[in-house]
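One file, work.txt, carrying compact mmCIF, C-alpha atoms:
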# COMPACT_ATOMS: atom_id res chain seq x y z
CA SER R 19 25.44 -177.02 135.71
CA GLN R 20 26.69 -175.62 132.42
CA SER R 21 23.73 -177.08 130.47
CA GLN R 22 21.25 -175.44 132.85
CA SER R 23 23.12 -172.15 132.56
CA ARG R 24 22.97 -172.35 128.76
CA LYS R 25 19.21 -173.03 128.88
CA HIS R 26 18.72 -170.05 131.19
CA ASP R 27 20.71 -167.82 128.81
CA THR R 28 18.68 -169.08 125.85
CA HIS R 29 15.38 -168.24 127.57
CA THR R 30 16.72 -164.83 128.54
CA MET R 31 17.72 -164.09 124.93
CA LYS R 32 14.31 -165.18 123.64
CA PHE R 33 12.56 -162.91 126.14
CA ALA R 34 14.81 -159.97 125.22
CA THR R 35 14.13 -160.58 121.52
CA LEU R 36 10.37 -160.50 122.14
CA LEU R 37 10.69 -157.20 124.00
CA LEU R 38 12.80 -155.70 121.21
CA THR R 39 10.35 -156.86 118.56
CA SER R 40 7.45 -155.27 120.45
CA ALA R 41 9.34 -151.99 120.79
CA LEU R 42 10.18 -151.88 117.08
CA ALA R 43 6.53 -152.43 116.20
CA THR R 44 5.76 -148.85 117.28
CA SER R 45 7.14 -145.66 115.77
CA SER R 46 8.75 -144.53 119.01
CA ALA R 47 8.96 -145.38 122.69
CA SER R 48 6.59 -142.52 123.46
CA ALA R 49 3.85 -144.38 121.59
CA PHE R 50 3.40 -146.66 124.60
CA THR R 51 0.69 -145.29 126.92
CA ALA R 52 0.38 -147.86 129.71
CA ALA R 53 1.54 -151.21 130.98
CA PHE R 54 -0.84 -153.75 132.49
CA LEU R 55 1.02 -155.48 135.30
CA PRO R 56 -0.27 -158.84 136.57
CA SER R 57 -0.97 -159.04 140.27
CA THR R 58 -1.56 -161.98 142.61
CA ALA R 59 -3.17 -159.85 145.30
CA ALA R 60 -6.72 -158.74 144.48
CA THR R 61 -6.37 -155.74 146.82
CA GLN R 62 -3.05 -154.54 145.46
CA THR R 63 -3.21 -150.84 144.54
CA VAL R 64 0.44 -149.85 144.28
CA VAL R 65 3.42 -151.25 142.41
CA PRO R 66 6.18 -152.39 144.82
CA SER R 67 8.53 -149.56 145.80
CA ALA R 68 11.57 -151.15 144.17
CA GLN R 69 9.74 -151.25 140.87
CA ARG R 70 8.65 -147.62 141.19
CA GLN R 71 12.22 -146.57 141.91
CA ALA R 72 13.32 -148.34 138.75
CA SER R 73 11.04 -145.99 136.81
CA HIS R 74 12.01 -142.73 138.52
CA GLY R 75 10.01 -143.49 141.71
CA ASN R 76 6.86 -141.40 141.22
CA ALA R 77 4.40 -143.56 139.32
CA PRO R 78 1.78 -145.41 141.38
CA ALA R 79 -0.18 -148.11 139.60
CA THR R 80 -3.79 -149.02 140.28
CA ARG R 81 -5.07 -152.61 140.41
CA LEU R 82 -8.13 -152.57 138.12
CA SER R 83 -10.20 -154.60 135.70
CA VAL R 84 -9.75 -152.77 132.40
CA LYS R 85 -11.64 -153.08 129.15
CA VAL R 86 -9.49 -152.00 126.20
CA GLU R 87 -10.71 -152.40 122.60
CA ASN R 88 -13.36 -154.88 123.81
CA ARG R 89 -10.72 -156.95 125.61
CA GLU R 90 -10.74 -157.31 129.39
CA ILE R 91 -7.41 -157.11 131.20
CA VAL R 92 -7.05 -157.60 134.96
CA GLY R 93 -3.92 -156.18 136.54
CA ALA R 94 -2.20 -153.03 137.72
CA VAL R 95 -2.64 -150.16 135.26
CA GLN R 96 0.65 -148.29 135.02
CA PRO R 97 0.91 -145.25 132.70
CA VAL R 98 4.34 -145.01 131.08
CA ASN R 99 6.39 -142.17 129.62
CA ASN R 100 4.51 -138.87 130.08
CA PHE R 101 1.01 -140.38 130.11
CA ILE R 102 -1.46 -140.00 132.95
CA LEU R 103 -4.57 -142.03 133.79
CA VAL R 104 -7.61 -139.83 134.42
CA LYS R 105 -11.03 -140.78 135.77
CA ILE R 106 -13.44 -138.83 133.57
CA ALA R 107 -15.95 -136.60 135.37
CA GLU R 108 -19.59 -137.62 135.09
CA ALA R 109 -21.52 -136.08 132.20
CA ALA R 110 -23.52 -132.98 133.07
CA ASP R 111 -27.24 -133.78 133.41
CA LYS R 112 -28.42 -130.18 133.16
CA THR R 113 -27.42 -126.93 131.48
CA ASP R 114 -26.00 -123.90 133.26
CA ALA R 115 -29.52 -122.47 133.22
CA GLY R 116 -30.81 -125.50 135.13
CA ILE R 117 -32.57 -127.26 132.24
CA LEU R 118 -32.52 -131.04 132.71
CA LEU R 119 -31.04 -133.03 129.85
CA SER R 120 -32.11 -136.43 128.57
CA GLU R 121 -29.68 -139.35 128.78
CA SER R 122 -28.71 -138.95 125.09
CA ALA R 123 -28.27 -135.19 125.38
CA LYS R 124 -26.01 -135.19 128.44
CA ILE R 125 -22.84 -133.13 128.00
CA GLN R 126 -19.66 -135.21 128.34
CA LYS R 127 -17.04 -133.23 130.21
CA THR R 128 -13.38 -133.15 129.20
CA GLU R 129 -12.23 -133.01 132.79
CA GLY R 130 -11.51 -135.51 135.48
CA THR R 131 -9.30 -136.62 138.34
CA VAL R 132 -5.76 -137.97 137.99
CA VAL R 133 -5.59 -141.59 139.14
CA ALA R 134 -1.99 -142.46 138.24
CA VAL R 135 0.94 -140.80 136.46
CA GLY R 136 3.82 -142.11 134.40
CA PRO R 137 7.47 -141.59 135.36
CA GLY R 138 8.02 -138.78 132.84
CA ILE R 139 10.33 -138.74 129.85
CA THR R 140 13.97 -138.05 129.08
CA ASP R 141 14.73 -135.54 126.34
CA SER R 142 16.16 -137.47 123.38
CA GLU R 143 18.66 -134.70 122.52
CA THR R 144 19.82 -133.43 125.90
CA GLY R 145 19.25 -136.48 128.10
CA LYS R 146 17.56 -134.23 130.67
CA TYR R 147 14.79 -135.85 132.71
CA CYS R 148 11.37 -134.17 132.39
CA PRO R 149 9.07 -135.09 135.31
CA ILE R 150 5.29 -134.85 135.11
CA PRO R 151 3.96 -131.78 137.00
CA LEU R 152 0.86 -133.63 138.20
CA GLN R 153 0.01 -136.10 140.95
CA PRO R 154 -2.88 -138.42 141.80
CA GLY R 155 -5.85 -136.45 143.09
CA ASP R 156 -5.31 -133.41 140.87
CA GLY R 157 -8.30 -132.27 138.84
CA VAL R 158 -7.49 -131.65 135.16
CA VAL R 159 -9.16 -130.23 132.06
CA TYR R 160 -7.91 -131.49 128.70
CA GLY R 161 -8.66 -131.07 124.99
CA GLU R 162 -11.90 -132.39 123.50
CA PHE R 163 -10.19 -134.83 121.14
CA ASP R 164 -7.30 -135.85 123.39
CA GLY R 165 -6.79 -139.21 125.04
CA THR R 166 -7.52 -142.91 124.69
CA GLU R 167 -10.60 -144.02 126.62
CA LEU R 168 -10.58 -147.08 128.88
CA ASP R 169 -13.44 -148.73 130.72
CA VAL R 170 -12.03 -149.30 134.21
CA ASP R 171 -14.22 -151.30 136.60
CA GLY R 172 -17.22 -149.99 134.67
CA VAL R 173 -16.11 -146.35 134.96
CA LYS R 174 -14.84 -144.24 132.07
CA HIS R 175 -11.17 -143.29 132.22
CA THR R 176 -8.77 -141.87 129.67
CA LEU R 177 -5.02 -141.94 129.08
CA ILE R 178 -3.67 -138.53 128.08
CA ARG R 179 -0.23 -136.93 127.87
CA ASP R 180 0.71 -134.30 130.41
CA THR R 181 0.97 -131.89 127.45
CA ASP R 182 -2.75 -132.43 126.75
CA VAL R 183 -3.66 -130.86 130.10
CA LEU R 184 -5.01 -127.33 129.72
CA VAL R 185 -5.36 -126.52 133.42
CA LYS R 186 -5.18 -128.36 136.72
CA PHE R 187 -7.24 -127.60 139.81
CA GLY R 188 -7.63 -128.68 143.41
CA GLY R 189 -10.46 -128.99 145.87
CA GLY R 190 -12.62 -131.04 143.53
CA GLU R 191 -14.21 -127.95 141.92
CA LEU R 192 -13.20 -126.06 138.80
CA LYS R 193 -12.97 -122.50 140.08
CA LEU R 194 -10.69 -119.64 139.10
CA ASP R 195 -9.13 -119.50 142.56
CA SER R 196 -8.22 -123.20 142.45
CA VAL R 197 -6.95 -123.32 138.85
CA ASP R 198 -3.29 -123.38 137.80
CA THR R 199 -1.59 -123.75 134.45
CA ILE R 200 1.35 -126.07 133.90
CA SER R 201 4.50 -125.90 131.78
CA ASP R 202 4.50 -122.81 129.49
CA LYS R 203 0.71 -122.46 129.28
CA VAL R 204 -1.16 -119.21 129.91
CA LEU R 205 -4.82 -118.88 130.95
CA VAL R 206 -6.43 -115.95 129.15
CA HIS R 207 -9.84 -114.36 129.77
CA VAL R 208 -10.86 -113.70 126.18
CA ASP R 209 -12.39 -110.39 125.16
CA PHE R 210 -15.89 -110.72 123.68
CA SER R 211 -16.52 -106.97 123.78
CA GLU R 212 -17.95 -105.05 120.85
CA THR R 213 -15.65 -103.98 118.05
CA GLN R 214 -16.16 -101.01 115.75
CA THR R 215 -15.74 -101.02 111.95
CA GLU R 216 -14.18 -98.14 109.99
CA GLY R 217 -17.73 -96.97 109.18
CA GLY R 218 -18.62 -96.79 112.86
CA LEU R 219 -20.77 -99.92 112.96
CA LEU R 220 -20.55 -101.82 116.24
CA LEU R 221 -20.02 -105.57 115.88
CA GLY R 222 -20.56 -107.85 118.83
CA SER R 223 -18.32 -110.89 119.20
CA THR R 224 -20.20 -114.00 120.29
CA LYS R 225 -19.02 -117.19 121.93
CA ASN R 226 -20.39 -119.11 118.94
CA SER R 227 -18.55 -117.04 116.33
CA GLU R 228 -16.53 -119.04 113.83
CA LYS R 229 -13.46 -116.96 114.65
CA ARG R 230 -12.94 -116.55 118.36
CA PRO R 231 -11.25 -113.45 119.81
CA SER R 232 -7.46 -113.72 120.01
CA THR R 233 -6.91 -111.00 122.61
CA GLY R 234 -7.55 -111.04 126.32
CA THR R 235 -6.27 -110.62 129.85
CA VAL R 236 -3.77 -113.01 131.40
CA MET R 237 -5.25 -114.67 134.47
CA LYS R 238 -2.74 -117.45 135.23
CA VAL R 239 0.85 -118.11 134.08
CA GLY R 240 2.59 -121.48 134.15
CA PRO R 241 6.10 -121.94 135.59
CA GLY R 242 7.68 -122.43 132.15
CA ARG R 243 8.81 -125.30 129.96
CA ILE R 244 11.94 -127.29 130.81
CA ALA R 245 14.70 -126.03 128.50
CA SER R 246 17.61 -128.00 127.02
CA ASN R 247 19.78 -127.10 130.02
CA GLY R 248 17.25 -128.65 132.39
CA GLN R 249 16.11 -125.27 133.72
CA LEU R 250 12.65 -123.72 133.39
CA SER R 251 12.41 -121.28 130.49
CA PRO R 252 11.29 -117.80 131.60
CA MET R 253 7.74 -116.64 130.89
CA SER R 254 7.57 -113.21 129.28
CA VAL R 255 4.01 -112.35 130.34
CA SER R 256 2.54 -111.71 133.77
CA GLN R 257 -0.88 -111.90 135.38
CA GLY R 258 -2.92 -108.85 134.40
CA ASP R 259 -1.20 -108.31 131.02
CA THR R 260 -3.35 -107.86 127.92
CA ILE R 261 -2.01 -110.08 125.16
CA LYS R 262 -2.54 -110.86 121.50
CA PHE R 263 -2.09 -114.51 120.51
CA ARG R 264 -2.31 -116.43 117.25
CA ASP R 265 -5.73 -116.86 115.69
CA TYR R 266 -7.27 -120.27 116.46
CA ALA R 267 -4.48 -121.07 118.95
CA GLY R 268 -5.11 -122.73 122.29
CA GLY R 269 -7.94 -124.66 123.89
CA GLU R 270 -11.20 -123.46 125.36
CA VAL R 271 -12.01 -123.78 129.06
CA VAL R 272 -15.21 -122.71 130.83
CA ILE R 273 -14.67 -121.72 134.47
CA GLU R 274 -17.60 -120.51 136.56
CA GLU R 275 -19.60 -119.85 133.37
CA GLU R 276 -16.86 -117.62 131.92
CA GLU R 277 -14.94 -118.53 128.77
CA TYR R 278 -11.15 -118.69 128.79
CA THR R 279 -8.49 -119.77 126.33
CA VAL R 280 -5.32 -121.62 127.29
CA VAL R 281 -2.39 -120.88 124.97
CA GLU R 282 1.26 -121.89 124.97
CA MET R 283 3.88 -119.17 125.31
CA PRO R 284 5.20 -119.53 121.70
CA ASP R 285 1.67 -118.65 120.44
CA VAL R 286 1.68 -115.29 122.27
CA LEU R 287 2.54 -112.54 119.78
CA ALA R 288 2.56 -109.39 121.91
CA ARG R 289 1.59 -107.94 125.25
CA PHE R 290 0.22 -104.48 126.04
Using structure tokens, write down the structure from this file.
Amino acid sequence: SQSQSRKHDTHTMKFATLLLTSALATSSASAFTAAFLPSTAATQTVVPSAQRQASHGNAPATRLSVKVENREIVGAVQPVNNFILVKIAEAADKTDAGILLSESAKIQKTEGTVVAVGPGITDSETGKYCPIPLQPGDGVVYGEFDGTELDVDGVKHTLIRDTDVLVKFGGGELKLDSVDTISDKVLVHVDFSETQTEGGLLLGSTKNSEKRPSTGTVMKVGPGRIASNGQLSPMSVSQGDTIKFRDYAGGEVVIEEEEYTVVEMPDVLARF
């Protein structure tokens, strides 16, 4: 009937208004990190295929009990935009030298395993779709201060952007052979060798120096960042190049007890 139709339209408008109000409450759409989707099946682990296709088709959601800001939410955790859900690796219980650490002194790693990925984002200026170059099961290392932590079924997870990822790796172990860089990132083996002053005095760079070296050898090169035309931008350095990059640029990564720096291509000043 017409009255029932009008009631349906009224409810639809109210729901749309609530959605719009929620969206305007944040500075931008990219501020949303995840959606918590209710589920009637306790064993459900994946969002229905039709729903995935509606959000570009590559974003599985995991059915979990999540504690966020001391609130417990039960449902399917679905990262949105360019966010990814990562299960944080267990804290190291001993040093590289084999010294056992107490519970309070354990070293929290900034690495983990990708559990779910968002659908990616669309460039606001060009309208080009930018997919996430990661998939569930990938190992990732990210910045120390990146991410929003979640307690998922009693296990620490974090929501980070794909741009927060320094390197990805496979096989479950962080080794140089299994590591790759994404986007326009470059993995550099930094040079801690001795330097000589004008007076001939040798100065040794240390890993704990306030100013880290900003030169090194390129070990891995990412495929490039997606440009405004939708194509990958070319990388102007190659594996084996010695490069100079901006002071304090990049993030630190330790791989097989060796220190590396991951820098973005715009921070590379010259190659030799």
Between atom CA of R:Asp180 and atom CA of R:Arg243, what is the spacing in Å?
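About the pair atom CA of R:Arg243 and atom CA of R:Asp180: they are 12.1 Å apart.
In this model, the gap between atom CA of R:Thr128 and atom CA of R:Pro231 comes to 21.9 Å.
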I'd like the interatomic distance between atom CA of R:Ser201 and atom CA of R:Asp169, to a tenth of an Å.
29.1 Å
Nearby residues (only C-alpha atoms) at most 7 Å from stretch 261-277 of chain R, same-chain spacing under 5 positions excluded, as number ranges by chain
R: 161, 192-194, 207-208, 232-235, 282, 285-290
Residue among R:Val255, R:Val95, R:Val281, R:Val132 lying closest to R:Lys186, counting all atoms listed in the file:
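The closest residue to R:Lys186 is R:Val132.
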With only C-alpha atoms as the counted atoms, please give the residues lying no more than 8 Å from stretch 139-148 of chain R, apart from itself and same-chain residues fewer than 4 positions off, as a PyMOL selection string.
chain R and resi 99-100+244+246-248
Shell around R:Leu184 at 7 Å using all atoms listed in the file, local window under 6 positions removed, as a list in words
Val159, Tyr160, Thr199 and Val280 of chain R
For R:Ala94, which residue out of R:Val170, R:Ile106, R:Leu250, R:Ile150 is the nearest one, using all atoms listed in the file?
R:Val170
Near R:Thr131, counting all atoms listed in the file, which residues have an atom at most 12 Å away, once you skip same-chain residues fewer than 5 positions from it, shown as a VMD selection string?
chain R and resid 102 to 108 152 to 160 174 to 178 183 185 to 192
Within 9 Å of R:Gly242, counting all atoms listed in the file, which residues qualify if same-chain residues fewer than 2 places away don't, as a VMD selection string?
chain R and resid 200 to 203 239 to 240 244 to 245 250 to 253 283
So which residues fall inside 12 Å of (-16.5, -153.1, 135.0) if we count only C-alpha atoms? Mind giving them as a ChimeraX atom specification?
/R:82-86,88-92,168-175
